[in-house]
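What follows is the content of target.pdb, which has PDB, C-alpha atoms (C1' of nucleotides):
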```
ATOM      1  CA  MET A  26     -15.972  -3.824 -16.778
ATOM      2  CA  LYS A  27     -16.014  -7.219 -15.264
ATOM      3  CA  PRO A  28     -15.601  -9.879 -17.884
ATOM      4  CA  ALA A  29     -14.984 -12.494 -15.280
ATOM      5  CA  ALA A  30     -17.390 -13.645 -12.707
ATOM      6  CA  VAL A  31     -17.258 -11.586  -9.603
ATOM      7  CA  ARG A  32     -17.790 -14.657  -7.597
ATOM      8  CA  ASP A  33     -15.317 -15.059  -4.835
ATOM      9  CA  GLY A  34     -12.580 -17.402  -5.769
ATOM     10  CA  GLY A  35     -11.030 -17.548  -2.357
ATOM     11  CA  ALA A  36      -8.611 -15.311  -0.595
ATOM     12  CA  PRO A  37      -4.909 -15.611  -1.210
ATOM     13  CA  ALA A  38      -2.324 -15.725   1.474
ATOM     14  CA  ARG A  39      -3.412 -13.231   4.031
ATOM     15  CA  SER A  40      -0.599 -11.230   5.380
ATOM     16  CA  ALA A  41       0.066 -11.767   8.996
ATOM     17  CA  ALA A  42       0.222  -8.377  10.589
ATOM     18  CA  ALA A  43       3.926  -7.818  10.566
ATOM     19  CA  ASP A  44       5.814  -4.748  11.544
ATOM     20  CA  GLY A  45       7.073  -1.635   9.967
ATOM     21  CA  GLY A  46       8.683  -2.962   6.858
ATOM     22  CA  GLU A  47       5.318  -3.764   5.454
ATOM     23  CA  LEU A  48       3.991  -0.357   6.310
ATOM     24  CA  ASP A  49       6.879   1.158   4.382
ATOM     25  CA  ALA A  50       5.769  -0.736   1.330
ATOM     26  CA  ILE A  51       2.068  -0.120   1.806
ATOM     27  CA  PHE A  52       2.327   3.609   2.347
ATOM     28  CA  GLY A  53       4.884   3.757  -0.447
ATOM     29  CA  ALA A  54       2.474   2.019  -2.764
ATOM     30  CA  LEU A  55      -0.275   4.444  -1.856
ATOM     31  CA  SER A  56       1.933   7.462  -2.468
ATOM     32  CA  ASP A  57       1.540   7.163  -6.224
ATOM     33  CA  PRO A  58      -1.605   8.617  -7.824
ATOM     34  CA  ILE A  59      -1.845   5.932 -10.491
ATOM     35  CA  ARG A  60      -1.626   3.193  -7.921
ATOM     36  CA  ARG A  61      -4.207   4.891  -5.726
ATOM     37  CA  ALA A  62      -6.510   5.161  -8.701
ATOM     38  CA  ILE A  63      -5.989   1.478  -9.428
ATOM     39  CA  VAL A  64      -6.796   0.589  -5.854
ATOM     40  CA  ALA A  65      -9.872   2.786  -5.972
ATOM     41  CA  ARG A  66     -11.031   1.157  -9.137
ATOM     42  CA  LEU A  67     -10.518  -2.303  -7.740
ATOM     43  CA  THR A  68     -12.819  -1.543  -4.859
ATOM     44  CA  GLU A  69     -15.561  -1.704  -7.473
ATOM     45  CA  GLY A  70     -14.614  -5.220  -8.429
ATOM     46  CA  GLU A  71     -11.974  -7.273 -10.106
ATOM     47  CA  CYS A  72     -10.677  -6.085 -13.400
ATOM     48  CA  SER A  73      -8.378  -7.079 -16.216
ATOM     49  CA  VAL A  74      -4.959  -5.481 -16.441
ATOM     50  CA  SER A  75      -5.633  -3.711 -19.714
ATOM     51  CA  GLN A  76      -8.875  -2.217 -18.474
ATOM     52  CA  LEU A  77      -7.098  -1.188 -15.334
ATOM     53  CA  GLY A  78      -4.481   0.669 -17.306
ATOM     54  CA  ALA A  79      -6.785   2.222 -19.860
ATOM     55  CA  PRO A  80      -7.468   5.485 -18.015
ATOM     56  CA  PHE A  81      -3.800   6.366 -17.736
ATOM     57  CA  ALA A  82      -1.467   7.853 -20.301
ATOM     58  CA  VAL A  83       1.377   5.491 -19.588
ATOM     59  CA  SER A  84       2.633   2.398 -21.313
ATOM     60  CA  ALA A  85       1.564  -1.134 -20.500
ATOM     61  CA  PRO A  86       4.910  -2.004 -18.888
ATOM     62  CA  ALA A  87       4.476   0.934 -16.553
ATOM     63  CA  ILE A  88       1.079  -0.352 -15.490
ATOM     64  CA  SER A  89       2.472  -3.824 -15.123
ATOM     65  CA  ARG A  90       5.075  -2.571 -12.757
ATOM     66  CA  HIS A  91       2.613  -0.548 -10.735
ATOM     67  CA  LEU A  92       0.671  -3.748 -10.318
ATOM     68  CA  ALA A  93       3.836  -5.532  -9.274
ATOM     69  CA  VAL A  94       4.344  -2.910  -6.582
ATOM     70  CA  LEU A  95       0.801  -3.363  -5.354
ATOM     71  CA  GLU A  96       1.176  -7.120  -5.397
ATOM     72  CA  ARG A  97       4.482  -7.069  -3.581
ATOM     73  CA  CYS A  98       2.965  -5.291  -0.613
ATOM     74  CA  GLY A  99      -0.052  -7.581  -0.636
ATOM     75  CA  LEU A 100      -2.584  -5.036  -1.787
ATOM     76  CA  ILE A 101      -3.708  -7.010  -4.800
ATOM     77  CA  ALA A 102      -3.718 -10.548  -6.097
ATOM     78  CA  ARG A 103      -3.194 -11.371  -9.739
ATOM     79  CA  TRP A 104      -4.216 -14.396 -11.727
ATOM     80  CA  GLN A 105      -4.637 -15.335 -15.315
ATOM     81  CA  ILE A 106      -7.435 -16.754 -17.380
ATOM     82  CA  GLY A 107      -6.477 -17.510 -20.907
ATOM     83  CA  ARG A 108      -4.376 -14.616 -21.992
ATOM     84  CA  VAL A 109      -6.143 -12.111 -19.801
ATOM     85  CA  HIS A 110      -4.692 -11.225 -16.444
ATOM     86  CA  TYR A 111      -7.013 -10.128 -13.673
ATOM     87  CA  CYS A 112      -6.529  -8.317 -10.425
ATOM     88  CA  ARG A 113      -8.447  -8.100  -7.236
ATOM     89  CA  LEU A 114      -7.945  -5.977  -4.201
ATOM     90  CA  ILE A 115      -6.963  -7.411  -0.854
ATOM     91  CA  GLY A 116      -8.207  -5.431   2.067
ATOM     92  CA  ASP A 117      -5.752  -6.449   4.700
ATOM     93  CA  PRO A 118      -2.902  -4.071   3.908
ATOM     94  CA  LEU A 119      -5.344  -1.195   3.663
ATOM     95  CA  ALA A 120      -6.611  -2.119   7.083
ATOM     96  CA  GLN A 121      -3.044  -2.226   8.314
ATOM     97  CA  ALA A 122      -2.312   1.258   7.034
ATOM     98  CA  ALA A 123      -5.557   2.636   8.386
ATOM     99  CA  GLY A 124      -4.798   0.923  11.664
ATOM    100  CA  TRP A 125      -1.484   2.662  12.031
ATOM    101  CA  ILE A 126      -3.089   6.034  11.506
ATOM    102  CA  GLU A 127      -6.018   5.226  13.739
ATOM    103  CA  GLN A 128      -3.674   4.374  16.545
ATOM    104  CA  ARG A 129      -2.572   7.999  16.424
ATOM    105  CA  ARG A 130      -6.118   9.206  16.281
ATOM    106  CA  ALA A 131      -6.274   9.953  19.971
ATOM    107  CA  PHE A 132      -3.969  12.824  19.223
ATOM    108  CA  TRP A 133      -5.472  14.426  16.211
ATOM    109  CA  GLN A 134      -8.960  13.760  17.345
ATOM    110  CA  GLY A 135      -8.243  16.013  20.240
ATOM    111  CA  GLN A 136      -6.623  18.456  17.932
ATOM    112  CA  LEU A 137      -9.613  18.516  15.645
ATOM    113  CA  ASP A 138     -11.717  19.365  18.636
ATOM    114  CA  GLY A 139      -9.332  22.198  19.190
ATOM    115  CA  LEU A 140      -9.783  23.149  15.591
ATOM    116  CA  ALA A 141     -13.511  23.376  16.025
ATOM    117  CA  ALA A 142     -13.037  25.761  18.887
ATOM    118  CA  TYR A 143     -10.545  27.617  16.826
ATOM    119  CA  LEU A 144     -12.912  28.013  13.932
ATOM    120  CA  ASP A 145     -15.512  29.083  16.385
ATOM    121  CA  ARG A 146     -13.714  32.138  17.520
ATOM    122  CA  GLU A 147     -11.724  32.611  14.368
ATOM    123  CA  GLU A 148      -8.955  34.141  16.274
ATOM    124  CA  GLU A 149      -5.845  35.437  14.607
ATOM    125  CA  ASN A 150      -2.814  33.693  15.929
ATOM    126  CA  SER A 151       0.345  35.310  17.025
ATOM    127  CA  CYS A 152       3.753  34.382  15.707
ATOM    128  CA  ALA A 153       5.380  33.755  19.024
ATOM    129  CA  PRO A 154       4.369  30.540  20.666
ATOM    130  CA  SER A 155       5.435  29.645  24.130
ATOM    131  CA  PRO A 156       8.299  27.261  24.732
ATOM    132  CA  THR A 157       6.506  24.078  25.455
ATOM    133  CA  ARG A 158       3.046  25.003  24.478
ATOM    134  CA  PRO A 159       2.797  27.359  21.548
ATOM    135  CA  SER A 160      -0.800  28.187  22.177
ATOM    136  CA  ARG A 161      -4.105  26.531  22.076
TER     137      ARG A 161
ATOM    138  CA  MET B   9      14.578  31.952   6.833
ATOM    139  CA  LYS B  10      11.172  30.571   6.747
ATOM    140  CA  PRO B  11       9.191  31.696   9.748
ATOM    141  CA  ALA B  12       7.199  28.506   9.475
ATOM    142  CA  ALA B  13       4.107  30.323  10.550
ATOM    143  CA  VAL B  14       2.957  28.471  13.549
ATOM    144  CA  ARG B  15      -0.636  27.604  13.037
ATOM    145  CA  ASP B  16      -1.432  26.620  16.517
ATOM    146  CA  GLY B  17      -5.014  25.591  16.343
ATOM    147  CA  GLY B  18      -4.545  23.030  13.674
ATOM    148  CA  ALA B  19      -4.720  23.233   9.924
ATOM    149  CA  PRO B  20      -6.973  25.691   8.182
ATOM    150  CA  ALA B  21      -8.422  23.990   5.177
ATOM    151  CA  ARG B  22     -11.718  22.337   5.773
ATOM    152  CA  SER B  23     -12.296  21.712   2.119
ATOM    153  CA  ALA B  24     -11.507  18.128   2.779
ATOM    154  CA  ALA B  25     -10.916  16.784  -0.680
ATOM    155  CA  ALA B  26      -7.723  18.562  -1.471
ATOM    156  CA  ASP B  27      -6.639  16.533  -4.430
ATOM    157  CA  GLY B  28      -4.156  13.848  -5.037
ATOM    158  CA  GLY B  29      -0.983  15.807  -4.983
ATOM    159  CA  GLU B  30      -1.259  16.236  -1.277
ATOM    160  CA  LEU B  31      -1.994  12.603  -0.730
ATOM    161  CA  ASP B  32       1.104  11.713  -2.728
ATOM    162  CA  ALA B  33       3.166  13.727  -0.304
ATOM    163  CA  ILE B  34       1.386  12.521   2.814
ATOM    164  CA  PHE B  35       1.562   8.830   2.002
ATOM    165  CA  GLY B  36       5.088   9.334   0.787
ATOM    166  CA  ALA B  37       6.035  10.920   4.074
ATOM    167  CA  LEU B  38       4.510   8.028   5.992
ATOM    168  CA  SER B  39       6.359   5.453   3.928
ATOM    169  CA  ASP B  40       9.570   6.022   5.830
ATOM    170  CA  PRO B  41      10.006   4.298   9.207
ATOM    171  CA  ILE B  42      11.953   7.146  10.758
ATOM    172  CA  ARG B  43       9.303   9.640   9.760
ATOM    173  CA  ARG B  44       6.553   7.395  11.072
ATOM    174  CA  ALA B  45       8.406   7.081  14.338
ATOM    175  CA  ILE B  46       8.741  10.839  14.514
ATOM    176  CA  VAL B  47       5.044  11.264  13.893
ATOM    177  CA  ALA B  48       4.282   8.664  16.525
ATOM    178  CA  ARG B  49       6.475  10.406  19.012
ATOM    179  CA  LEU B  50       4.901  13.758  18.316
ATOM    180  CA  THR B  51       1.494  12.371  19.186
ATOM    181  CA  GLU B  52       2.789  12.363  22.737
ATOM    182  CA  GLY B  53       3.518  16.052  22.629
ATOM    183  CA  GLU B  54       5.732  18.624  21.060
ATOM    184  CA  CYS B  55       9.423  17.989  21.097
ATOM    185  CA  SER B  56      12.735  19.578  20.243
ATOM    186  CA  VAL B  57      14.523  18.512  17.089
ATOM    187  CA  SER B  58      17.469  16.967  18.880
ATOM    188  CA  GLN B  59      15.261  14.940  21.178
ATOM    189  CA  LEU B  60      13.288  13.873  18.183
ATOM    190  CA  GLY B  61      16.367  12.608  16.423
ATOM    191  CA  ALA B  62      18.017  10.996  19.423
ATOM    192  CA  PRO B  63      16.540   7.496  19.000
ATOM    193  CA  PHE B  64      17.843   7.114  15.467
ATOM    194  CA  ALA B  65      21.298   6.227  14.272
ATOM    195  CA  VAL B  66      21.426   8.874  11.604
ATOM    196  CA  SER B  67      23.063  12.258  11.440
ATOM    197  CA  ALA B  68      21.394  15.510  12.372
ATOM    198  CA  PRO B  69      21.104  16.685   8.770
ATOM    199  CA  ALA B  70      19.219  13.505   7.936
ATOM    200  CA  ILE B  71      16.735  14.204  10.714
ATOM    201  CA  SER B  72      16.456  17.789   9.620
ATOM    202  CA  ARG B  73      15.500  16.700   6.164
ATOM    203  CA  HIS B  74      12.980  14.173   7.418
ATOM    204  CA  LEU B  75      11.391  17.021   9.311
ATOM    205  CA  ALA B  76      11.406  19.137   6.178
ATOM    206  CA  VAL B  77       9.514  16.373   4.384
ATOM    207  CA  LEU B  78       6.967  16.201   7.164
ATOM    208  CA  GLU B  79       6.601  19.943   7.195
ATOM    209  CA  ARG B  80       6.231  20.217   3.444
ATOM    210  CA  CYS B  81       3.193  17.978   3.461
ATOM    211  CA  GLY B  82       1.716  19.764   6.426
ATOM    212  CA  LEU B  83       2.149  17.005   8.963
ATOM    213  CA  ILE B  84       4.172  19.086  11.374
ATOM    214  CA  ALA B  85       4.825  22.681  12.249
ATOM    215  CA  ARG B  86       8.210  23.935  13.334
ATOM    216  CA  TRP B  87       9.188  26.949  15.298
ATOM    217  CA  GLN B  88      12.214  28.142  17.148
ATOM    218  CA  ILE B  89      12.825  29.413  20.637
ATOM    219  CA  GLY B  90      16.297  30.553  21.320
ATOM    220  CA  ARG B  91      18.517  28.072  19.581
ATOM    221  CA  VAL B  92      16.176  25.165  20.088
ATOM    222  CA  HIS B  93      13.784  24.203  17.339
ATOM    223  CA  TYR B  94      10.501  22.557  18.247
ATOM    224  CA  CYS B  95       7.993  20.519  16.315
ATOM    225  CA  ARG B  96       4.397  19.699  16.781
ATOM    226  CA  LEU B  97       2.124  17.400  14.905
ATOM    227  CA  ILE B  98      -0.755  18.636  12.795
ATOM    228  CA  GLY B  99      -3.608  16.203  12.581
ATOM    229  CA  ASP B 100      -5.225  17.276   9.365
ATOM    230  CA  PRO B 101      -3.009  15.454   6.873
ATOM    231  CA  LEU B 102      -3.309  12.294   8.924
ATOM    232  CA  ALA B 103      -7.050  12.667   8.785
ATOM    233  CA  GLN B 104      -6.814  13.188   5.065
ATOM    234  CA  ALA B 105      -4.852   9.998   4.575
ATOM    235  CA  ALA B 106      -7.130   8.036   6.844
ATOM    236  CA  GLY B 107     -10.088   9.518   5.015
ATOM    237  CA  TRP B 108      -8.888   8.263   1.673
ATOM    238  CA  ILE B 109      -8.532   4.758   3.019
ATOM    239  CA  GLU B 110     -11.805   4.904   4.876
ATOM    240  CA  GLN B 111     -13.613   5.831   1.694
ATOM    241  CA  ARG B 112     -12.560   2.427   0.387
ATOM    242  CA  ARG B 113     -13.602   0.715   3.548
ATOM    243  CA  ALA B 114     -16.916  -0.426   2.151
ATOM    244  CA  PHE B 115     -14.884  -2.782   0.043
ATOM    245  CA  TRP B 116     -12.444  -4.300   2.408
ATOM    246  CA  GLN B 117     -14.906  -4.423   5.178
ATOM    247  CA  GLY B 118     -16.878  -6.795   3.048
ATOM    248  CA  GLN B 119     -13.786  -8.680   2.121
ATOM    249  CA  LEU B 120     -12.777  -9.232   5.690
ATOM    250  CA  ASP B 121     -16.100 -10.923   6.117
ATOM    251  CA  GLY B 122     -15.140 -13.072   3.176
ATOM    252  CA  LEU B 123     -11.822 -13.708   4.817
ATOM    253  CA  ALA B 124     -13.533 -15.117   7.842
ATOM    254  CA  ALA B 125     -15.370 -17.543   5.632
ATOM    255  CA  TYR B 126     -12.135 -18.369   3.901
ATOM    256  CA  LEU B 127     -10.333 -19.059   7.126
ATOM    257  CA  ASP B 128     -13.221 -21.283   7.975
ATOM    258  CA  ARG B 129     -12.540 -23.551   5.062
ATOM    259  CA  GLU B 130      -8.785 -23.095   5.138
ATOM    260  CA  GLU B 131      -8.209 -26.081   2.954
ATOM    261  CA  GLU B 132      -5.563 -26.563   0.331
ATOM    262  CA  ASN B 133      -5.775 -24.222  -2.524
ATOM    263  CA  SER B 134      -8.455 -26.102  -4.299
ATOM    264  CA  CYS B 135      -8.225 -27.586  -7.664
ATOM    265  CA  ALA B 136     -11.482 -25.832  -8.107
ATOM    266  CA  PRO B 137     -11.718 -24.750 -11.723
ATOM    267  CA  SER B 138     -13.246 -21.517 -10.687
ATOM    268  CA  PRO B 139     -12.624 -18.735 -13.163
ATOM    269  CA  THR B 140     -11.356 -16.410 -10.494
ATOM    270  CA  ARG B 141      -8.782 -18.505  -8.834
ATOM    271  CA  PRO B 142      -5.992 -16.320  -7.544
ATOM    272  CA  SER B 143      -3.259 -18.830  -7.866
ATOM    273  CA  ARG B 144      -0.406 -19.012 -10.214
TER     274      ARG B 144
ATOM    275  C1'  DT C   7       1.576 -23.335 -38.487
ATOM    276  C1'  DT C   8       1.118 -18.709 -38.362
ATOM    277  C1'  DC C   9      -0.555 -14.410 -36.703
ATOM    278  C1'  DA C  10      -2.667 -11.383 -33.312
ATOM    279  C1'  DT C  11      -3.563 -10.371 -28.549
ATOM    280  C1'  DA C  12      -2.393  -9.625 -23.666
ATOM    281  C1'  DC C  13       0.861  -9.082 -20.663
ATOM    282  C1'  DT C  14       5.517  -9.408 -18.576
ATOM    283  C1'  DT C  15      10.535  -8.991 -18.503
ATOM    284  C1'  DA C  16      14.807  -6.798 -19.963
ATOM    285  C1'  DA C  17      17.638  -2.921 -20.721
ATOM    286  C1'  DC C  18      18.141   1.777 -20.366
ATOM    287  C1'  DT C  19      17.554   6.782 -18.945
ATOM    288  C1'  DT C  20      16.384  10.206 -15.804
ATOM    289  C1'  DA C  21      14.878  11.932 -11.532
ATOM    290  C1'  DA C  22      14.153  11.522  -6.645
ATOM    291  C1'  DC C  23      15.507   9.733  -2.141
ATOM    292  C1'  DG C  24      18.238   8.943   1.946
ATOM    293  C1'  DG C  25      22.548   9.061   3.782
ATOM    294  C1'  DT C  26      26.996  11.373   4.563
ATOM    295  C1'  DT C  27      30.502  15.312   5.672
ATOM    296  C1'  DA C  28      31.485  20.125   5.657
ATOM    297  C1'  DA C  29      30.131  24.695   6.097
ATOM    298  C1'  DG C  30      26.774  28.369   7.453
ATOM    299  C1'  DT C  31      23.537  30.821  10.695
ATOM    300  C1'  DA C  32      21.724  32.026  15.208
ATOM    301  C1'  DT C  33      21.685  31.926  19.962
ATOM    302  C1'  DC C  34      23.482  31.362  24.664
ATOM    303  C1'  DG C  35      27.078  31.638  28.145
ATOM    304  C1'  DA C  36      31.424  33.164  29.833
TER     305       DA C  36
ATOM    306  C1'  DT D  17      34.095  39.071  21.875
ATOM    307  C1'  DC D  18      34.901  34.312  21.710
ATOM    308  C1'  DG D  19      33.483  29.707  21.758
ATOM    309  C1'  DA D  20      30.079  26.118  22.310
ATOM    310  C1'  DT D  21      25.438  24.561  21.099
ATOM    311  C1'  DA D  22      21.495  23.605  17.993
ATOM    312  C1'  DC D  23      20.120  23.263  13.772
ATOM    313  C1'  DT D  24      19.931  24.057   8.690
ATOM    314  C1'  DT D  25      21.843  24.297   4.023
ATOM    315  C1'  DA D  26      25.074  22.860   0.468
ATOM    316  C1'  DA D  27      27.406  19.503  -2.107
ATOM    317  C1'  DC D  28      28.040  14.951  -3.120
ATOM    318  C1'  DC D  29      27.157   9.753  -3.606
ATOM    319  C1'  DG D  30      24.975   5.360  -4.153
ATOM    320  C1'  DT D  31      20.412   3.240  -4.482
ATOM    321  C1'  DT D  32      15.726   3.091  -5.780
ATOM    322  C1'  DA D  33      11.796   4.416  -8.554
ATOM    323  C1'  DA D  34       9.152   5.559 -12.693
ATOM    324  C1'  DG D  35       9.060   6.086 -17.336
ATOM    325  C1'  DT D  36      10.368   4.529 -22.041
ATOM    326  C1'  DT D  37      11.113   1.036 -26.134
ATOM    327  C1'  DA D  38      12.082  -3.558 -27.540
ATOM    328  C1'  DA D  39      11.881  -8.314 -26.944
ATOM    329  C1'  DG D  40       9.887 -12.513 -24.752
ATOM    330  C1'  DT D  41       6.069 -15.686 -23.308
ATOM    331  C1'  DA D  42       1.668 -17.663 -23.462
ATOM    332  C1'  DT D  43      -2.864 -18.106 -25.253
ATOM    333  C1'  DG D  44      -6.584 -17.917 -28.862
ATOM    334  C1'  DA D  45      -7.902 -17.953 -33.376
ATOM    335  C1'  DA D  46      -7.406 -18.502 -38.475
TER     336       DA D  46
END
```
As a first step, turn the structure in this file into structure tokens.
Amino acid sequence: MKPAAVRDGGAPARSAAADGGELDAIFGALSDPIRRAIVARLTEGECSVSQLGAPFAVSAPAISRHLAVLERCGLIARWQIGRVHYCRLIGDPLAQAAGWIEQRRAFWQGQLDGLAAYLDREEENSCAPSPTRPSR
Amino acid sequence: MKPAAVRDGGAPARSAAADGGELDAIFGALSDPIRRAIVARLTEGECSVSQLGAPFAVSAPAISRHLAVLERCGLIARWQIGRVHYCRLIGDPLAQAAGWIEQRRAFWQGQLDGLAAYLDREEENSCAPSPTRPSR
DNA sequence: TTCATACTTAACTTAACGGTTAAGTATCGA
DNA sequence: TCGATACTTAACCGTTAAGTTAAGTATGAA
């Protein structure tokens, strides 16, 4: 699983929180199931590229390019020891993505409260909402 | 054609871990800046389609299709009153996306601590022969 | 030197995406 | 009934994305 020492080798360039363009790339990267699985796996520790690709039924070049996508948006760092290439996860872009969603939390938090009430009475809803306020 | 069944309380499914396919669509939807802006705007309240599209320099059909993407992954609901079509945000998919990231938080939370230490040292990228040096 | 390993890059195919214009459907107002 | 308004759907186009196989690069070992 981890042939290399897990010891921290230092963080790479941390991305300064820049605007939307980065979020495009980060959310785009997370929209692929293979890349999400890779990210999930890397939360357990650094890993070689071949081990990273082993669970998936795609070719090595495909994995390599998924990693390039993840690297391009700052989600992972890659380095090489001998002929083995390793990856590690970088948390910052994940925090950025979570941050964007969290900033909208005020809304859906309230809505989830509404959902609780909704589940409470288990009402059936009508099909005709009102103009500016369908129903609550 | 599609009545777009207005679910006004919020989304139904509480079986949180609806699998990857949905996350593909949700993250994919959020990877576009116009769609993110639409979502952001809808956190302030429901809105007509034309008002929703007004800030963007794209045609109405383009907006309509962005809304279709958001609707398909459950992020919004649409309904019609007279000739005006309205949208409202549904929090559940946002919570789902945030939930996926949060489940990885244990990792990057720890790493941000490491980042602090890193910023502390902030020296040149070390000729340290550490086996896990993320440089090229 | 020579071969095997571990990846990446190149070239290509196919499918999806985002935009457009044009046409269609419904509703409102005169 | 006729026309304007508010959108959606259809058809098309150029770009991007994901997959493939084949070739290239670099390292380790024989």
- Quick one: everything within 9 Å of Ser58 (chain B), counting only C-alpha atoms (C1' of nucleotides), minus sequence neighbours fewer than 5 positions away in the same chain. Send it as a ChimeraX atom specification. /B:68,71,92-94 /D:22-23
How would the residues just picked look written out with C-alpha atoms (C1' of nucleotides) as a short mmCIF file (atom, residue, chain, number, x, y, z; two decimals), keeping the file's coordinate frame?
```cif
data_model
loop_
_atom_site.label_atom_id
_atom_site.label_comp_id
_atom_site.auth_asym_id
_atom_site.auth_seq_id
_atom_site.Cartn_x
_atom_site.Cartn_y
_atom_site.Cartn_z
CA ALA B 68 21.39 15.51 12.37
CA ILE B 71 16.74 14.20 10.71
CA VAL B 92 16.18 25.16 20.09
CA HIS B 93 13.78 24.20 17.34
CA TYR B 94 10.50 22.56 18.25
"C1'" DA D 22 21.50 23.60 17.99
"C1'" DC D 23 20.12 23.26 13.77
#
```
- Find the residues of chain B in contact range of chain D, meaning any atom within 12 Å when counting only C-alpha atoms (C1' of nucleotides), and list them as a ChimeraX atom specification. /B:9-10,56-59,61,67-73,75-76,86-94
- Message: Could you work out which residues of chain C fall inside 9 Å of chain B? Count all atoms listed in the file, and format the result as a VMD selection string.
- Response: chain C and resid 24 to 26 32 to 34
- For the structure shown, which residues end up in the PyMOL selection byres ((chain B and resi 39) around 8)? Put them as a ChimeraX atom specification, please? /A:48-53 /B:35-38,40-41,43-44
- Item | Resolved residues for the PyMOL selection byres ((chain A and resi 114) around 7) as a list in words |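 In the shown coordinates, the PyMOL selection byres ((chain A and resi 114) around 7) covers Val64, Leu67, Thr68, Leu100, Ile101, Ala102, Cys112, Arg113, Ile115 and Gly116 of chain A.
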Could you take the residues named above and write them with C-alpha atoms, as an mmCIF file, in the frame of the given file?
```
data_model
loop_
_atom_site.group_PDB
_atom_site.id
_atom_site.type_symbol
_atom_site.label_atom_id
_atom_site.label_comp_id
_atom_site.auth_asym_id
_atom_site.auth_seq_id
_atom_site.Cartn_x
_atom_site.Cartn_y
_atom_site.Cartn_z
ATOM 1 C CA VAL A 64 -6.796 0.589 -5.854
ATOM 2 C CA LEU A 67 -10.518 -2.303 -7.740
ATOM 3 C CA THR A 68 -12.819 -1.543 -4.859
ATOM 4 C CA LEU A 100 -2.584 -5.036 -1.787
ATOM 5 C CA ILE A 101 -3.708 -7.010 -4.800
ATOM 6 C CA ALA A 102 -3.718 -10.548 -6.097
ATOM 7 C CA CYS A 112 -6.529 -8.317 -10.425
ATOM 8 C CA ARG A 113 -8.447 -8.100 -7.236
ATOM 9 C CA ILE A 115 -6.963 -7.411 -0.854
ATOM 10 C CA GLY A 116 -8.207 -5.431 2.067
#
```
- Message: What's the separation between CA of Gly107 (chain B) and CA of Pro80 (chain A), in Å to one decimal place?
- Response: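 Calculated distance between CA of Gly107 (chain B) and CA of Pro80 (chain A) is 23.5 Å.
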- Item | B:Ile42, B:Ala65, B:Ala48, B:Val77 ranked by distance to chain A, top pick (using all atoms listed in the file) |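 Nearest candidate to chain A out of B:Ile42, B:Ala65, B:Ala48, B:Val77: B:Ala48.
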Take every atom of region 46-57 of chain A listed in the file, fit an axis-aligned box around them, add 5 Å per side, and give the centre and edge lengths in Å to one decimal as JSON.
```
{"center_x": 4.2, "center_y": 1.8, "center_z": 0.3, "size_x": 19.0, "size_y": 21.2, "size_z": 23.1}
```
- Proximity to chain A - best of B:Ile46, B:Leu60, B:Leu78, B:Cys55, all atoms listed in the file: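 With all atoms listed in the file as the atom set, the closest residue is B:Cys55.
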- Task: Could you check which of A:Ile126, A:Ala79, A:Ala62, A:Cys98 is closest to chain B, using only C-alpha atoms?
- Result: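 Using only C-alpha atoms, chain B sits closest to A:Ile126.
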- CA of Glu79 (chain B) to CA of Pro118 (chain A) measures 26.0 Å
